[in-house]
Amino acid sequence: MHNHLVVDTLNLTFLALSDPTRRVILDRLRKGAASVNELAEPFGVSQQAISKHLAYLERARLIEKRKEGRQQFCSLRAAPLKGAYDWMTSYQQFWDDAFERLDVLLKKEKRRNARKNR
């Protein structure tokens with residue numbers, strides 16, 4: 001049985017990470033909090049367009065917004081990324097096994113070619 005909360009959290013995290021603009025925003029927020037205007041600056045798009053991206057990130061709980069006066073500041077919340085990381089690393093054994101099988105196959109092929117060329 002699946003834990004629906006975990007699956008929903010993963011879905012939201014991967015949806016948020018699926019857009020390159022949102023990944024750039026998260027990279028920027030690793031350095032510390034930033035205003036919405038600061039986050040919009042490198043993209044040359046409207047604040048409204050950035051606000052839509054921030055809404056995705058906020059829905060996935062990857063950022064936290066707070067108001068200071070008339071400005072909104074965003075901060076990174078990295079905890080949901082740990083869930084995505086854990087899910088992806090669960091495939092580590094799969095890939096290790098696949099590469100090991102490939103290595104065995106390549107060694108056999110190399111030995112067979114060496115015998116042919118004698």
# chains A, B, ... in the order shown; residues from 1 in each chain; ligands from 1

$ select_by_dssp --residues "chain A" --states "alpha helix (DSSP H)" --output "short mmCIF file (atom, residue, chain, number, x, y, z; two decimals) with N, CA and C atoms, in the first residue's frame"
data_model
loop_
_atom_site.label_atom_id
_atom_site.label_comp_id
_atom_site.auth_asym_id
_atom_site.auth_seq_id
_atom_site.Cartn_x
_atom_site.Cartn_y
_atom_site.Cartn_z
N HIS A 4 -0.14 7.85 0.48
CA HIS A 4 -0.57 8.87 -0.49
C HIS A 4 0.05 10.23 -0.23
N LEU A 5 0.30 10.55 1.03
CA LEU A 5 0.94 11.83 1.33
C LEU A 5 2.34 11.89 0.75
N VAL A 6 3.09 10.79 0.88
CA VAL A 6 4.45 10.74 0.32
C VAL A 6 4.38 10.82 -1.20
N VAL A 7 3.49 10.06 -1.82
CA VAL A 7 3.37 10.07 -3.28
C VAL A 7 2.96 11.46 -3.76
N ASP A 8 2.00 12.08 -3.11
CA ASP A 8 1.58 13.43 -3.50
C ASP A 8 2.71 14.44 -3.34
N THR A 9 3.48 14.31 -2.28
CA THR A 9 4.61 15.20 -2.05
C THR A 9 5.65 15.01 -3.15
N LEU A 10 5.92 13.76 -3.50
CA LEU A 10 6.87 13.49 -4.59
C LEU A 10 6.37 14.06 -5.90
N ASN A 11 5.09 13.86 -6.19
CA ASN A 11 4.52 14.39 -7.43
C ASN A 11 4.69 15.90 -7.50
N LEU A 12 4.37 16.58 -6.42
CA LEU A 12 4.50 18.04 -6.40
C LEU A 12 5.96 18.47 -6.53
N THR A 13 6.85 17.74 -5.87
CA THR A 13 8.28 18.07 -5.95
C THR A 13 8.78 17.92 -7.37
N PHE A 14 8.49 16.77 -8.00
CA PHE A 14 8.98 16.56 -9.36
C PHE A 14 8.32 17.51 -10.35
N LEU A 15 7.06 17.85 -10.14
CA LEU A 15 6.40 18.83 -11.01
C LEU A 15 7.10 20.18 -10.89
N ALA A 16 7.41 20.56 -9.67
CA ALA A 16 8.11 21.84 -9.46
C ALA A 16 9.49 21.82 -10.09
N LEU A 17 10.18 20.69 -9.99
CA LEU A 17 11.54 20.58 -10.54
C LEU A 17 11.57 20.39 -12.05
N PRO A 20 12.93 24.38 -15.95
CA PRO A 20 14.29 24.92 -15.73
C PRO A 20 14.28 26.26 -15.01
N THR A 21 13.28 27.09 -15.21
CA THR A 21 13.22 28.38 -14.52
C THR A 21 13.10 28.15 -13.02
N ARG A 22 12.28 27.21 -12.64
CA ARG A 22 12.10 26.93 -11.21
C ARG A 22 13.37 26.34 -10.61
N ARG A 23 14.09 25.54 -11.38
CA ARG A 23 15.36 25.00 -10.85
C ARG A 23 16.37 26.13 -10.65
N VAL A 24 16.41 27.08 -11.56
CA VAL A 24 17.32 28.23 -11.40
C VAL A 24 16.94 29.03 -10.15
N ILE A 25 15.65 29.21 -9.94
CA ILE A 25 15.18 29.94 -8.75
C ILE A 25 15.64 29.21 -7.49
N LEU A 26 15.47 27.89 -7.45
CA LEU A 26 15.92 27.13 -6.28
C LEU A 26 17.42 27.24 -6.08
N ASP A 27 18.18 27.19 -7.18
CA ASP A 27 19.63 27.35 -7.07
C ASP A 27 19.98 28.71 -6.47
N ARG A 28 19.28 29.74 -6.90
CA ARG A 28 19.52 31.08 -6.36
C ARG A 28 19.21 31.13 -4.86
N LEU A 29 18.11 30.48 -4.47
CA LEU A 29 17.70 30.53 -3.07
C LEU A 29 18.61 29.72 -2.15
N VAL A 36 11.04 38.75 -4.54
CA VAL A 36 10.45 38.31 -5.80
C VAL A 36 11.09 39.09 -6.95
N ASN A 37 11.33 40.38 -6.75
CA ASN A 37 11.98 41.19 -7.79
C ASN A 37 13.38 40.68 -8.11
N GLU A 38 14.15 40.34 -7.08
CA GLU A 38 15.49 39.80 -7.30
C GLU A 38 15.45 38.48 -8.06
N LEU A 39 14.45 37.67 -7.76
CA LEU A 39 14.33 36.38 -8.44
C LEU A 39 13.91 36.55 -9.89
N ALA A 40 13.12 37.58 -10.18
CA ALA A 40 12.64 37.82 -11.54
C ALA A 40 13.71 38.44 -12.43
N GLN A 47 6.96 40.08 -13.40
CA GLN A 47 6.87 39.59 -12.02
C GLN A 47 5.71 38.59 -11.92
N GLN A 48 4.67 38.79 -12.74
CA GLN A 48 3.54 37.87 -12.74
C GLN A 48 3.98 36.47 -13.20
N ALA A 49 4.83 36.41 -14.22
CA ALA A 49 5.32 35.12 -14.71
C ALA A 49 6.14 34.43 -13.62
N ILE A 50 7.00 35.16 -12.95
CA ILE A 50 7.80 34.59 -11.87
C ILE A 50 6.89 34.16 -10.72
N SER A 51 5.86 34.95 -10.46
CA SER A 51 4.93 34.59 -9.38
C SER A 51 4.26 33.25 -9.64
N LYS A 52 3.99 32.93 -10.89
CA LYS A 52 3.41 31.63 -11.21
C LYS A 52 4.39 30.51 -10.89
N HIS A 53 5.66 30.73 -11.23
CA HIS A 53 6.68 29.74 -10.90
C HIS A 53 6.82 29.59 -9.39
N LEU A 54 6.79 30.71 -8.69
CA LEU A 54 6.90 30.67 -7.23
C LEU A 54 5.71 29.95 -6.61
N ALA A 55 4.55 30.08 -7.22
CA ALA A 55 3.37 29.37 -6.72
C ALA A 55 3.56 27.86 -6.81
N TYR A 56 4.15 27.38 -7.90
CA TYR A 56 4.46 25.95 -8.02
C TYR A 56 5.42 25.53 -6.91
N LEU A 57 6.46 26.32 -6.71
CA LEU A 57 7.46 25.98 -5.70
C LEU A 57 6.87 26.02 -4.30
N GLU A 58 5.99 26.97 -4.07
CA GLU A 58 5.35 27.09 -2.77
C GLU A 58 4.38 25.92 -2.53
N ARG A 59 3.64 25.54 -3.56
CA ARG A 59 2.71 24.41 -3.46
C ARG A 59 3.47 23.12 -3.13
N ALA A 79 13.63 20.34 2.50
CA ALA A 79 13.18 19.03 2.99
C ALA A 79 12.50 18.18 1.91
N PRO A 80 11.61 18.73 1.07
CA PRO A 80 11.00 17.88 0.04
C PRO A 80 12.01 17.33 -0.96
N LEU A 81 13.12 18.01 -1.15
CA LEU A 81 14.15 17.51 -2.06
C LEU A 81 14.76 16.21 -1.51
N LYS A 82 14.81 16.07 -0.21
CA LYS A 82 15.34 14.85 0.41
C LYS A 82 14.47 13.66 0.03
N GLY A 83 13.15 13.85 0.01
CA GLY A 83 12.25 12.77 -0.39
C GLY A 83 12.48 12.36 -1.84
N ALA A 84 12.68 13.34 -2.72
CA ALA A 84 12.96 13.05 -4.13
C ALA A 84 14.30 12.34 -4.27
N TYR A 85 15.28 12.81 -3.52
CA TYR A 85 16.61 12.18 -3.55
C TYR A 85 16.53 10.73 -3.08
N ASP A 86 15.82 10.50 -1.98
CA ASP A 86 15.68 9.14 -1.46
C ASP A 86 15.01 8.23 -2.48
N TRP A 87 13.98 8.73 -3.15
CA TRP A 87 13.27 7.94 -4.15
C TRP A 87 14.21 7.58 -5.30
N MET A 88 14.97 8.57 -5.78
CA MET A 88 15.88 8.32 -6.90
C MET A 88 17.02 7.38 -6.51
N THR A 89 17.56 7.53 -5.31
CA THR A 89 18.67 6.67 -4.92
C THR A 89 18.22 5.23 -4.67
N GLN A 92 19.58 2.97 -7.19
CA GLN A 92 21.03 2.79 -7.26
C GLN A 92 21.40 1.33 -7.48
N GLN A 93 20.78 0.41 -6.75
CA GLN A 93 21.10 -1.01 -6.89
C GLN A 93 20.74 -1.51 -8.28
N PHE A 94 19.62 -1.04 -8.81
CA PHE A 94 19.22 -1.41 -10.17
C PHE A 94 20.31 -1.04 -11.17
N TRP A 95 20.80 0.19 -11.09
CA TRP A 95 21.83 0.64 -12.04
C TRP A 95 23.16 -0.06 -11.79
N ASP A 96 23.52 -0.26 -10.54
CA ASP A 96 24.76 -0.98 -10.24
C ASP A 96 24.72 -2.38 -10.84
N ASP A 97 23.59 -3.08 -10.68
CA ASP A 97 23.45 -4.42 -11.24
C ASP A 97 23.51 -4.40 -12.77
N ALA A 98 22.84 -3.42 -13.38
CA ALA A 98 22.83 -3.33 -14.84
C ALA A 98 24.24 -3.08 -15.39
N PHE A 99 24.99 -2.20 -14.75
CA PHE A 99 26.36 -1.92 -15.21
C PHE A 99 27.27 -3.12 -14.97
N GLU A 100 27.04 -3.84 -13.89
CA GLU A 100 27.83 -5.04 -13.63
C GLU A 100 27.58 -6.09 -14.71
N ARG A 101 26.31 -6.28 -15.10
CA ARG A 101 25.99 -7.24 -16.17
C ARG A 101 26.62 -6.80 -17.48
N LEU A 102 26.58 -5.50 -17.76
CA LEU A 102 27.18 -4.97 -18.98
C LEU A 102 28.69 -5.21 -18.96
N ASP A 103 29.33 -4.99 -17.83
CA ASP A 103 30.77 -5.19 -17.70
C ASP A 103 31.13 -6.65 -17.98
N VAL A 104 30.35 -7.58 -17.41
CA VAL A 104 30.60 -9.01 -17.64
C VAL A 104 30.45 -9.33 -19.12
N LEU A 105 29.42 -8.81 -19.75
CA LEU A 105 29.18 -9.05 -21.17
C LEU A 105 30.32 -8.50 -22.03
N LEU A 106 30.79 -7.30 -21.72
CA LEU A 106 31.88 -6.70 -22.49
C LEU A 106 33.18 -7.48 -22.31
N LYS A 107 33.44 -7.97 -21.12
CA LYS A 107 34.65 -8.78 -20.89
C LYS A 107 34.60 -10.08 -21.68
N LYS A 108 33.41 -10.73 -21.70
CA LYS A 108 33.26 -11.96 -22.49
C LYS A 108 33.49 -11.69 -23.97
N GLU A 109 32.93 -10.60 -24.46
CA GLU A 109 33.08 -10.24 -25.87
C GLU A 109 34.54 -9.94 -26.19
N LYS A 110 35.24 -9.28 -25.29
CA LYS A 110 36.65 -8.96 -25.50
C LYS A 110 37.48 -10.25 -25.56
N ARG A 111 37.20 -11.20 -24.67
CA ARG A 111 37.92 -12.48 -24.68
C ARG A 111 37.63 -13.24 -25.97
N ARG A 112 36.39 -13.23 -26.40
CA ARG A 112 36.01 -13.94 -27.62
C ARG A 112 36.72 -13.32 -28.83
N ASN A 113 36.79 -12.00 -28.90
CA ASN A 113 37.48 -11.33 -30.01
C ASN A 113 38.98 -11.60 -29.96
N ALA A 114 39.54 -11.68 -28.76
CA ALA A 114 40.97 -11.96 -28.63
C ALA A 114 41.27 -13.37 -29.14
N ARG A 115 40.41 -14.34 -28.86
CA ARG A 115 40.61 -15.72 -29.36
C ARG A 115 40.47 -15.78 -30.86
N LYS A 116 39.55 -15.02 -31.43
CA LYS A 116 39.35 -14.99 -32.89
C LYS A 116 40.58 -14.45 -33.60
#

$ closest_residue --among "A:Ser90, A:Asn117, A:Ser35, A:Ser18" --to "Phe73 (chain A)" --atoms "only C-alpha atoms"
A:Ser35

$ select_by_dssp --residues "chain A" --states "strand (DSSP E or B)" --output "ChimeraX atom specification"
/A:34-35,63-68,71-76

$ write_last_selection --atoms "C-alpha atoms" --output "PDB file, in the first residue's frame"
ATOM      1  CA  ALA A  34      15.634  36.845  -2.067  1.00  0.00           C
ATOM      2  CA  SER A  35      12.819  39.183  -2.977  1.00  0.00           C
ATOM      3  CA  ILE A  63       9.987  27.658  -0.789  1.00  0.00           C
ATOM      4  CA  GLU A  64       8.518  29.774   1.941  1.00  0.00           C
ATOM      5  CA  LYS A  65       7.309  33.329   1.377  1.00  0.00           C
ATOM      6  CA  ARG A  66       7.232  36.112   3.925  1.00  0.00           C
ATOM      7  CA  LYS A  67       6.299  39.769   3.662  1.00  0.00           C
ATOM      8  CA  GLU A  68       8.507  42.601   4.810  1.00  0.00           C
ATOM      9  CA  GLN A  71       8.141  43.267  -0.547  1.00  0.00           C
ATOM     10  CA  GLN A  72       7.815  39.513  -0.497  1.00  0.00           C
ATOM     11  CA  PHE A  73      10.876  37.432   0.241  1.00  0.00           C
ATOM     12  CA  CYS A  74      11.344  33.766  -0.568  1.00  0.00           C
ATOM     13  CA  SER A  75      13.471  31.217   1.248  1.00  0.00           C
ATOM     14  CA  LEU A  76      14.435  27.705   0.271  1.00  0.00           C
TER      15      LEU A  76
END
